[in-house]
Amino acid sequence: MNEYFDSTYLINAFPELLNFLSVTLFITILACLLGTILGFLIMLTKLSKYRILQILGNLYTTIMRCTPSIVLLFLVYYGLPACAEIININLHDVHTGVFVVVTFTIQFAAIISEVMRSAYLSIDSNQYEAGVSVGMTKFQTYKRIIIPQAIVIAIPNFANALLELLKEGSLAYTIGFIDMVGKANLIVESNFNAHALEIYLALGLIYWLLSIIIEYSFTKIESYFNQGKKSTIAY
């Protein structure tokens, strides 16, 4: 009888899973970049002086944050092609990765819009007035005073959101997308569901290492901006 835990399967799983690391990272980074841009635009609607834009921005955030990731993934995967058919556009042949990126972009945007909004609002408005009063332009005031402080405040929450994006992105296998999680499932199935523990342990170790790297990187980034903040204050 085979041993319940066989370290050979654990060791052999690493190179197979790491072959798809670039896929996982590409999806995460792309969704992060697009989500940050969209999140910034949503933040502007929330801070707008127009009530209707504020309502739409807050409504979008509420809907996205209240929808489970896997439900949103299915809605995008099945809903976009169905809606596109109405205007005679065929999306059924579109690569599955596109739907994955769209799903996690719009979800990440909702979270980041709140991160950026709260960071911006945490800066005392008197600092803006002080910058303008000493002869700075609006652009200079935001660049040298407001934005650096807001970035420092936003970094920890941005890092947490990115970690959640990395983990939530693992749900992409449910629509047939093959990243590290999808590959892990294929390996388990090829072994007739035997030694699944070793395969998923290898997968977990890779995700743990990625999370540690992300957390460490953002800690360094936060320290860098904190130093810049202190230098600006001293100046």
# chains A, B, ... in the order shown; residues from 1 in each chain; ligands from 1

call {"tool": "residues_around", "arguments": {"residues": "region 40-47 of chain A", "least_positions_apart": "2", "cutoff": "12 Å", "atoms": "only C-alpha atoms", "output": "number ranges by chain"}}
result
A: 32-38, 49-61, 106-121

call {"tool": "residues_around", "arguments": {"residues": "Leu18 (chain A)", "least_positions_apart": "3", "cutoff": "10 Å", "atoms": "only C-alpha atoms", "output": "list in words"}}
result
Ala13, Phe14, Pro15, Leu21, Ser22, Val23, Thr24, Asp179, Met180, Lys183, Ala202, Leu203 and Ile206 of chain A

call {"tool": "closest_residue", "arguments": {"among": "A:Glu85, A:Glu16, A:Asp93, A:Glu164", "to": "Ser211 (chain A)", "atoms": "only C-alpha atoms"}}
result
A:Glu164

call {"tool": "atom_distance", "arguments": {"atom1": "CA of Asn126 (chain A)", "atom2": "CA of Asn157 (chain A)"}}
result
24.5 Å

call {"tool": "atom_distance", "arguments": {"atom1": "CA of Leu201 (chain A)", "atom2": "CA of Leu73 (chain A)"}}
result
25.3 Å

call {"tool": "atom_distance", "arguments": {"atom1": "CA of Ala130 (chain A)", "atom2": "CA of Tyr142 (chain A)"}}
result
11.5 Å

call {"tool": "residues_around", "arguments": {"residues": "Ser217 (chain A)", "least_positions_apart": "4", "cutoff": "12 Å", "atoms": "only C-alpha atoms", "output": "count of residues only"}}
result
13

call {"tool": "select_by_dssp", "arguments": {"residues": "region 8-203 of chain A", "states": "alpha helix (DSSP H)", "output": "ChimeraX atom specification"}}
result
/A:8-18,21-46,51-66,69-86,96-121,125-133,138-141,147-168,180-190,196-203
